[in-house]
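Structure file run39.cif (mmCIF, C-alpha atoms) is printed below.
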```cif
data_work
#
loop_
_atom_site.label_atom_id
_atom_site.label_comp_id
_atom_site.auth_asym_id
_atom_site.auth_seq_id
_atom_site.Cartn_x
_atom_site.Cartn_y
_atom_site.Cartn_z
CA MET A 1 80.97 78.85 123.42
CA ASP A 2 79.07 76.32 121.32
CA ASN A 3 76.09 77.89 119.57
CA THR A 4 75.20 74.92 117.35
CA TYR A 5 72.49 72.53 118.48
CA GLU A 6 71.23 69.09 117.70
CA LEU A 7 67.50 69.48 117.22
CA PHE A 8 64.80 66.84 117.71
CA ALA A 9 61.03 66.57 117.34
CA ILE A 10 59.34 63.94 119.51
CA ARG A 11 55.86 62.78 118.55
CA TYR A 12 53.80 62.01 121.64
CA ALA A 13 50.15 62.02 120.52
CA THR A 14 47.89 62.14 117.48
CA ARG A 15 44.26 62.52 116.51
CA GLU A 16 42.12 61.70 113.52
CA ALA A 17 40.70 64.76 111.80
CA LYS A 18 39.28 66.01 108.50
CA ARG A 19 40.58 68.72 106.21
CA ARG A 20 37.64 70.99 107.05
CA GLU A 21 38.92 71.24 110.63
CA HIS A 22 42.24 72.83 109.67
CA PHE A 23 41.30 75.78 107.46
CA ILE A 24 39.07 78.77 108.02
CA GLY A 25 36.12 78.29 105.69
CA GLY A 26 36.57 74.52 105.58
CA ASP A 27 37.76 72.64 102.52
CA PRO A 28 35.95 71.30 99.44
CA HIS A 29 37.87 68.02 99.63
CA ASP A 30 36.94 66.73 103.06
CA ALA A 31 39.51 63.94 103.17
CA PRO A 32 41.20 62.70 106.33
CA MET A 33 43.93 65.02 107.64
CA PRO A 34 45.31 63.70 110.93
CA MET A 35 47.17 65.92 113.38
CA ASP A 36 50.32 65.03 115.32
CA TYR A 37 51.50 66.53 118.61
CA PHE A 38 55.17 67.22 119.28
CA VAL A 39 57.63 68.50 121.79
CA TRP A 40 61.02 69.74 120.59
CA VAL A 41 64.50 69.56 122.11
CA ALA A 42 67.64 71.55 121.28
CA VAL A 43 70.88 70.09 122.66
CA SER A 44 74.42 71.50 122.54
CA THR A 45 77.60 70.48 124.32
CA GLU A 46 76.84 73.09 127.01
CA ARG A 47 73.08 73.24 127.48
CA SER A 48 69.69 71.97 126.39
CA PHE A 49 66.36 73.64 125.75
CA VAL A 50 63.00 71.91 125.83
CA ILE A 51 60.45 73.66 123.65
CA ASP A 52 56.92 72.99 124.90
CA THR A 53 55.88 70.27 127.31
CA GLY A 54 52.88 68.58 125.68
CA PHE A 55 49.83 67.30 127.56
CA THR A 56 49.12 64.51 130.01
CA GLU A 57 47.38 61.18 129.45
CA GLU A 58 44.43 62.48 131.47
CA THR A 59 44.07 65.50 129.19
CA ALA A 60 44.32 63.24 126.14
CA ALA A 61 41.39 61.18 127.41
CA LYS A 62 39.39 64.29 128.22
CA ARG A 63 39.90 65.80 124.77
CA GLY A 64 39.72 62.63 122.68
CA ARG A 65 43.38 62.52 121.63
CA THR A 66 45.39 59.35 121.10
CA PHE A 67 48.18 59.38 123.67
CA LEU A 68 51.22 57.54 122.34
CA ARG A 69 53.81 58.18 125.03
CA CYS A 70 54.62 60.57 127.85
CA PRO A 71 56.37 63.56 126.26
CA VAL A 72 58.44 64.17 129.39
CA GLU A 73 59.67 60.61 129.79
CA SER A 74 60.36 60.55 126.05
CA LEU A 75 63.09 63.15 126.51
CA HIS A 76 65.28 60.36 127.85
CA LEU A 77 65.16 58.81 124.37
CA VAL A 78 67.32 61.66 123.05
CA GLY A 79 69.58 61.80 126.08
CA VAL A 80 67.86 64.58 128.05
CA ASP A 81 66.95 64.20 131.73
CA PRO A 82 63.86 66.34 132.43
CA ALA A 83 64.83 66.66 136.09
CA ALA A 84 68.04 68.41 135.02
CA VAL A 85 66.59 70.70 132.34
CA GLN A 86 67.33 74.33 133.17
CA GLU A 87 65.46 76.10 130.36
CA VAL A 88 61.99 75.47 128.92
CA VAL A 89 60.43 77.61 126.19
CA LEU A 90 56.64 77.68 126.10
CA THR A 91 55.51 78.83 122.69
CA HIS A 92 52.09 79.60 124.19
CA LEU A 93 49.76 78.34 126.93
CA HIS A 94 47.33 76.17 125.00
CA TYR A 95 46.73 72.79 126.62
CA ASP A 96 48.94 70.82 124.23
CA HIS A 97 52.00 73.01 124.78
CA VAL A 98 52.15 73.62 128.54
CA GLY A 99 50.84 70.45 130.20
CA ASN A 100 53.47 68.63 132.29
CA PHE A 101 55.18 71.90 133.24
CA ASP A 102 55.40 70.58 136.80
CA ARG A 103 57.64 67.72 135.63
CA PHE A 104 60.59 70.13 135.24
CA PRO A 105 61.60 70.94 138.81
CA ALA A 106 64.81 72.81 137.95
CA ALA A 107 63.61 74.76 134.92
CA ARG A 108 63.02 78.40 134.21
CA PHE A 109 60.19 78.99 131.72
CA HIS A 110 60.35 81.47 128.85
CA LEU A 111 56.99 82.98 127.90
CA GLN A 112 55.74 86.03 126.06
CA GLU A 113 54.11 88.33 128.60
CA PRO A 114 51.07 89.06 126.39
CA GLU A 115 50.29 85.34 126.51
CA MET A 116 49.94 85.42 130.28
CA HIS A 117 47.75 88.52 130.05
CA TYR A 118 45.58 86.77 127.46
CA ALA A 119 45.24 83.50 129.39
CA THR A 120 44.23 85.30 132.59
CA GLY A 121 42.31 88.23 131.11
CA ARG A 122 38.86 89.15 129.92
CA TYR A 123 38.84 87.03 126.76
CA MET A 124 38.79 83.84 128.81
CA ALA A 125 35.14 84.57 129.52
CA TYR A 126 34.46 83.36 125.96
CA PRO A 127 34.37 79.54 125.68
CA LYS A 128 35.41 79.71 122.03
CA LEU A 129 38.78 81.07 123.20
CA SER A 130 39.16 79.54 126.66
CA HIS A 131 38.52 76.04 125.28
CA SER A 132 42.13 75.89 124.11
CA PHE A 133 43.45 76.30 127.65
CA GLU A 134 43.42 74.07 130.73
CA VAL A 135 42.78 76.35 133.69
CA GLU A 136 45.05 74.38 136.03
CA ASP A 137 47.95 74.80 133.60
CA VAL A 138 47.40 78.55 133.55
CA CYS A 139 47.13 78.73 137.34
CA GLY A 140 50.29 76.66 137.58
CA MET A 141 52.20 79.18 135.50
CA VAL A 142 50.93 82.00 137.70
CA ARG A 143 52.27 80.12 140.71
CA LEU A 144 55.62 79.60 138.99
CA ASN A 145 55.79 83.31 138.32
CA TYR A 146 55.36 83.96 142.04
CA ALA A 147 58.19 81.47 142.57
CA GLN A 148 60.40 83.56 140.23
CA ARG A 149 60.64 80.77 137.67
CA VAL A 150 59.10 82.52 134.64
CA ARG A 151 61.12 84.83 132.43
CA PHE A 152 58.79 87.05 130.48
CA HIS A 153 59.53 88.50 127.06
CA ASP A 154 57.58 91.05 125.05
CA GLY A 155 58.90 90.69 121.54
CA ASP A 156 61.91 89.06 119.99
CA ALA A 157 64.76 87.96 122.26
CA VAL A 158 68.01 86.02 122.13
CA ILE A 159 67.98 83.70 125.14
CA ALA A 160 71.29 81.95 124.44
CA PRO A 161 73.85 81.95 121.65
CA GLY A 162 72.08 80.28 118.75
CA VAL A 163 68.56 80.31 120.27
CA SER A 164 66.10 83.16 119.74
CA LEU A 165 62.41 83.77 120.37
CA HIS A 166 60.13 85.62 117.97
CA LYS A 167 56.70 86.93 118.97
CA MET A 168 54.02 86.22 116.40
CA GLY A 169 50.50 86.29 117.86
CA GLY A 170 47.61 85.22 115.64
CA HIS A 171 46.70 81.77 116.89
CA SER A 172 47.08 82.96 120.48
CA ALA A 173 47.79 86.49 121.66
CA GLY A 174 51.33 85.77 122.85
CA LEU A 175 52.35 82.96 120.51
CA GLN A 176 56.08 82.77 119.78
CA CYS A 177 58.26 80.65 117.53
CA VAL A 178 61.84 79.58 118.19
CA ARG A 179 64.85 79.81 115.88
CA VAL A 180 67.68 77.39 116.64
CA ASN A 181 71.11 77.35 115.03
CA THR A 182 72.01 73.87 113.76
CA ARG A 183 74.64 72.29 111.54
CA ARG A 184 72.38 72.99 108.53
CA GLY A 185 71.80 76.60 109.54
CA PRO A 186 68.99 78.22 111.53
CA VAL A 187 65.87 76.07 111.83
CA VAL A 188 62.60 77.79 112.72
CA LEU A 189 60.31 75.79 115.01
CA ALA A 190 57.05 77.38 113.98
CA SER A 191 54.91 75.74 116.65
CA ASP A 192 51.36 76.94 115.96
CA VAL A 193 52.35 79.89 113.80
CA THR A 194 51.59 77.29 111.13
CA HIS A 195 50.02 74.01 112.19
CA PHE A 196 50.59 72.34 108.82
CA TYR A 197 52.88 73.09 105.89
CA GLU A 198 49.74 73.80 103.89
CA ASN A 199 48.49 76.59 106.17
CA MET A 200 51.62 78.62 105.41
CA GLU A 201 52.26 77.52 101.85
CA LYS A 202 48.73 78.36 100.68
CA GLY A 203 48.04 81.26 103.04
CA ARG A 204 45.09 79.47 104.63
CA PRO A 205 44.72 80.27 108.35
CA PHE A 206 43.94 77.66 110.97
CA PRO A 207 40.44 78.06 112.52
CA THR A 208 41.61 78.54 116.12
CA ALA A 209 42.62 82.19 115.91
CA PHE A 210 42.75 85.22 118.16
CA HIS A 211 43.82 87.56 115.32
CA ILE A 212 43.59 86.35 111.73
CA GLY A 213 45.65 89.24 110.36
CA GLU A 214 48.53 88.43 112.70
CA MET A 215 48.28 84.78 111.69
CA LEU A 216 48.71 85.71 108.02
CA GLU A 217 51.60 88.03 108.88
CA GLY A 218 53.12 85.19 110.86
CA PHE A 219 53.40 83.09 107.71
CA GLU A 220 55.45 85.88 106.15
CA ARG A 221 57.65 86.27 109.22
CA LEU A 222 58.47 82.58 109.25
CA ARG A 223 59.84 82.96 105.73
CA GLU A 224 61.87 85.99 106.80
CA LEU A 225 63.41 84.12 109.73
CA ALA A 226 64.36 81.00 107.77
CA PRO A 227 67.07 80.71 105.10
CA THR A 228 64.72 78.57 102.99
CA PRO A 229 61.22 77.10 103.40
CA LYS A 230 62.91 73.77 104.20
CA HIS A 231 64.18 75.36 107.41
CA ILE A 232 60.62 75.88 108.73
CA VAL A 233 59.08 73.10 110.84
CA PRO A 234 55.28 73.30 111.40
CA GLY A 235 53.75 72.51 114.75
CA HIS A 236 51.37 69.62 114.05
CA ASP A 237 51.98 68.18 110.60
CA PRO A 238 52.50 64.37 110.38
CA GLU A 239 54.60 65.13 107.31
CA VAL A 240 57.43 66.14 109.67
CA MET A 241 57.87 62.49 110.64
CA ARG A 242 58.12 61.52 106.96
CA ARG A 243 60.44 64.27 105.78
CA TYR A 244 63.09 64.01 108.48
CA PRO A 245 65.25 61.01 109.44
CA ALA A 246 64.67 59.12 112.65
CA ALA A 247 66.91 60.12 115.55
CA SER A 248 68.03 56.47 115.57
CA PRO A 249 66.70 53.27 113.98
CA GLU A 250 64.85 52.27 117.15
CA LEU A 251 63.14 55.70 117.29
CA ASP A 252 61.57 55.44 113.85
CA GLY A 253 58.11 56.98 114.13
CA VAL A 254 58.92 58.45 117.53
CA ALA A 255 61.63 61.10 117.15
CA VAL A 256 63.28 62.77 114.15
CA ARG A 257 66.34 64.96 113.67
CA LEU A 258 65.54 68.45 112.45
CA ASP A 259 69.21 69.42 112.15
CA THR A 260 69.42 67.19 109.06
CA GLU A 261 68.18 68.17 105.61
CA PRO A 262 64.62 66.97 104.95
CA SER A 263 63.90 64.59 102.10
CA THR A 264 61.57 67.06 100.32
#
```

How does the structure come out when it is put into structure tokens?
Amino acid sequence: MDNTYELFAIRYATREAKRREHFIGGDPHDAPMPMDYFVWVAVSTERSFVIDTGFTEETAAKRGRTFLRCPVESLHLVGVDPAAVQEVVLTHLHYDHVGNFDRFPAARFHLQEPEMHYATGRYMAYPKLSHSFEVEDVCGMVRLNYAQRVRFHDGDAVIAPGVSLHKMGGHSAGLQCVRVNTRRGPVVLASDVTHFYENMEKGRPFPTAFHIGEMLEGFERLRELAPTPKHIVPGHDPEVMRRYPAASPELDGVAVRLDTEPST
């Protein structure tokens, strides 16, 4: 059985932002620090996994994001048919990671159970926390659970040879990252365990946080899961598009290969 995957990041949206928006306590050098939005795809000879499903053009307009392309339709660019995808990992239920879930009619969704409790529980009465969720996405996942299409985890789990989930918390109560075996070894898709390289490298937490202590511990766990820091891919850093090679010449600026050594 093949447990080595090709691994892609697809950039589907962006937004202009300042450094003060990405670190608790702000930043003395308030220079521009844009944020990119990605979905990730792991493909082997036997199966494929989609990791997160992005947001819709309507949500982009509502939240002031620049929508570059449909993340679901973009899967075709790396040879994946969303209608045929059997397995989707949701790192958490924030709006930019679970939108478009309904575009995967054949998929089973992998989710940490504490994330569902969080997104439907008492803390959603606080706008500071509920702002990161779209209520219709959350309700949609509840409906999918009733349809027996959600596989819940509560902690680390191997979901296929070469693909494992690792519960982190911090940014959201049930946040998980994904480790994927590739030709260059295991690559850790951090998702929002670290939004930018700098959050992790300098131990500076991102402001959207459910538990700051767990966020700081998450930085350490990423290092434990990865053979080297170069095997950790942050969730929103535009630097990802610069460090990794394009999936093909025509996909320059759109999709990169994470199973190839980065340039830095």

Inset, instruction - With the file shown as input, list the residues that the PyMOL selection byres ((chain A and resi 104) around 7) selects, as a PyMOL selection string. - result: chain A and resi 82-83+85+101-103+105-107

Inset, instruction - Expand the PyMOL selection byres ((chain A and resi 240) around 12) into the individual residues it matches in the shown file, reporting them as JSON, numbers by chain. - result: {"A": [8, 9, 10, 11, 35, 36, 37, 38, 189, 195, 196, 197, 230, 231, 232, 233, 234, 235, 236, 237, 238, 239, 241, 242, 243, 244, 245, 246, 253, 254, 255, 256, 257, 258, 261, 262, 263, 264]}

Legend entry - Residue neighbourhood Val135 (chain A), 12 Å, all atoms listed in the file, exclusion window fewer than 2 positions, as an MDAnalysis selection string: chainID A and resid 59 93:95 98:99 119:120 124:125 130:133 137:142

Next, dump the selected residues to file, keeping only C-alpha atoms, as a JSON list (two decimals), in the frame of the given file.
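Output file part-v6.json follows:
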```
[["chain", "number", "residue", "atom", "x", "y", "z"],
["A", 59, "THR", "CA", 44.07, 65.50, 129.19],
["A", 93, "LEU", "CA", 49.76, 78.34, 126.93],
["A", 94, "HIS", "CA", 47.33, 76.17, 125.00],
["A", 95, "TYR", "CA", 46.73, 72.79, 126.62],
["A", 98, "VAL", "CA", 52.15, 73.62, 128.54],
["A", 99, "GLY", "CA", 50.84, 70.45, 130.20],
["A", 119, "ALA", "CA", 45.24, 83.50, 129.39],
["A", 120, "THR", "CA", 44.23, 85.30, 132.59],
["A", 124, "MET", "CA", 38.79, 83.84, 128.81],
["A", 125, "ALA", "CA", 35.14, 84.57, 129.52],
["A", 130, "SER", "CA", 39.16, 79.54, 126.66],
["A", 131, "HIS", "CA", 38.52, 76.04, 125.28],
["A", 132, "SER", "CA", 42.13, 75.89, 124.11],
["A", 133, "PHE", "CA", 43.45, 76.30, 127.65],
["A", 137, "ASP", "CA", 47.95, 74.80, 133.60],
["A", 138, "VAL", "CA", 47.40, 78.55, 133.55],
["A", 139, "CYS", "CA", 47.13, 78.73, 137.34],
["A", 140, "GLY", "CA", 50.29, 76.66, 137.58],
["A", 141, "MET", "CA", 52.20, 79.18, 135.50],
["A", 142, "VAL", "CA", 50.93, 82.00, 137.70]]
```

Inset, instruction - May I ask which of the residues A:Gly121, A:Gly213, A:Gly64, A:Pro229 is the closest one to His171 (chain A), counting only C-alpha atoms? - result: A:Gly213

Legend entry - Which residue of A:His110, A:Arg63, A:Lys128, A:His29 approaches Phe210 (chain A) most closely, using only C-alpha atoms: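 Checking each of A:His110, A:Arg63, A:Lys128, A:His29 against Phe210 (chain A), counting only C-alpha atoms, the winner is A:Lys128.
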
Please, which residues in region 43-137 of chain A fall within 10 Å of region 178-186 of chain A when counting all atoms listed in the file, and what is the closest atom pair and distance in Å to one decimal for each, ordered by chain then residue number, as a tab-separated table?
```
residue	atom	partner	partner_atom	distance
A:Val43	CA	A:Thr182	CA	9.7
A:Ser44	CA	A:Thr182	CA	9.4
A:Phe49	CA	A:Val180	CA	9.9
A:Ile51	CA	A:Val178	CA	8.2
A:Val89	CA	A:Val178	CA	8.4
A:Leu90	CA	A:Val178	CA	9.7
A:Thr91	CA	A:Val178	CA	7.8
```

Using all atoms listed in the file, give me every residue within 9 Å of (64.5, 86.4, 127.8) in file coordinates, as a tab-separated table (two decimals) with C-alpha atoms, keeping the file's coordinate frame.
```tsv
chain	number	residue	atom	x	y	z
A	110	HIS	CA	60.35	81.47	128.85
A	111	LEU	CA	56.99	82.98	127.90
A	112	GLN	CA	55.74	86.03	126.06
A	151	ARG	CA	61.12	84.83	132.43
A	152	PHE	CA	58.79	87.05	130.48
A	153	HIS	CA	59.53	88.50	127.06
A	154	ASP	CA	57.58	91.05	125.05
A	156	ASP	CA	61.91	89.06	119.99
A	157	ALA	CA	64.76	87.96	122.26
A	158	VAL	CA	68.01	86.02	122.13
A	159	ILE	CA	67.98	83.70	125.14
A	160	ALA	CA	71.29	81.95	124.44
A	164	SER	CA	66.10	83.16	119.74
A	165	LEU	CA	62.41	83.77	120.37
```

Inset, instruction - Provide the CA of His97 (chain A) to CA of Phe55 (chain A) distance in Å, to one decimal place. - result: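 Pair CA of His97 (chain A) / CA of Phe55 (chain A) returns 6.7 Å.
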
Inset, instruction - Could you please determine the separation between CA of Leu75 (chain A) and CA of Ser48 (chain A) in Å, to one decimal place? - result: 11.0 Å

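In terms of minimum interatomic distance to Val188 (chain A), A:Leu225 ranks closest within A:Val88, A:Ile24, A:Leu225, A:Ala247, counting only C-alpha atoms.
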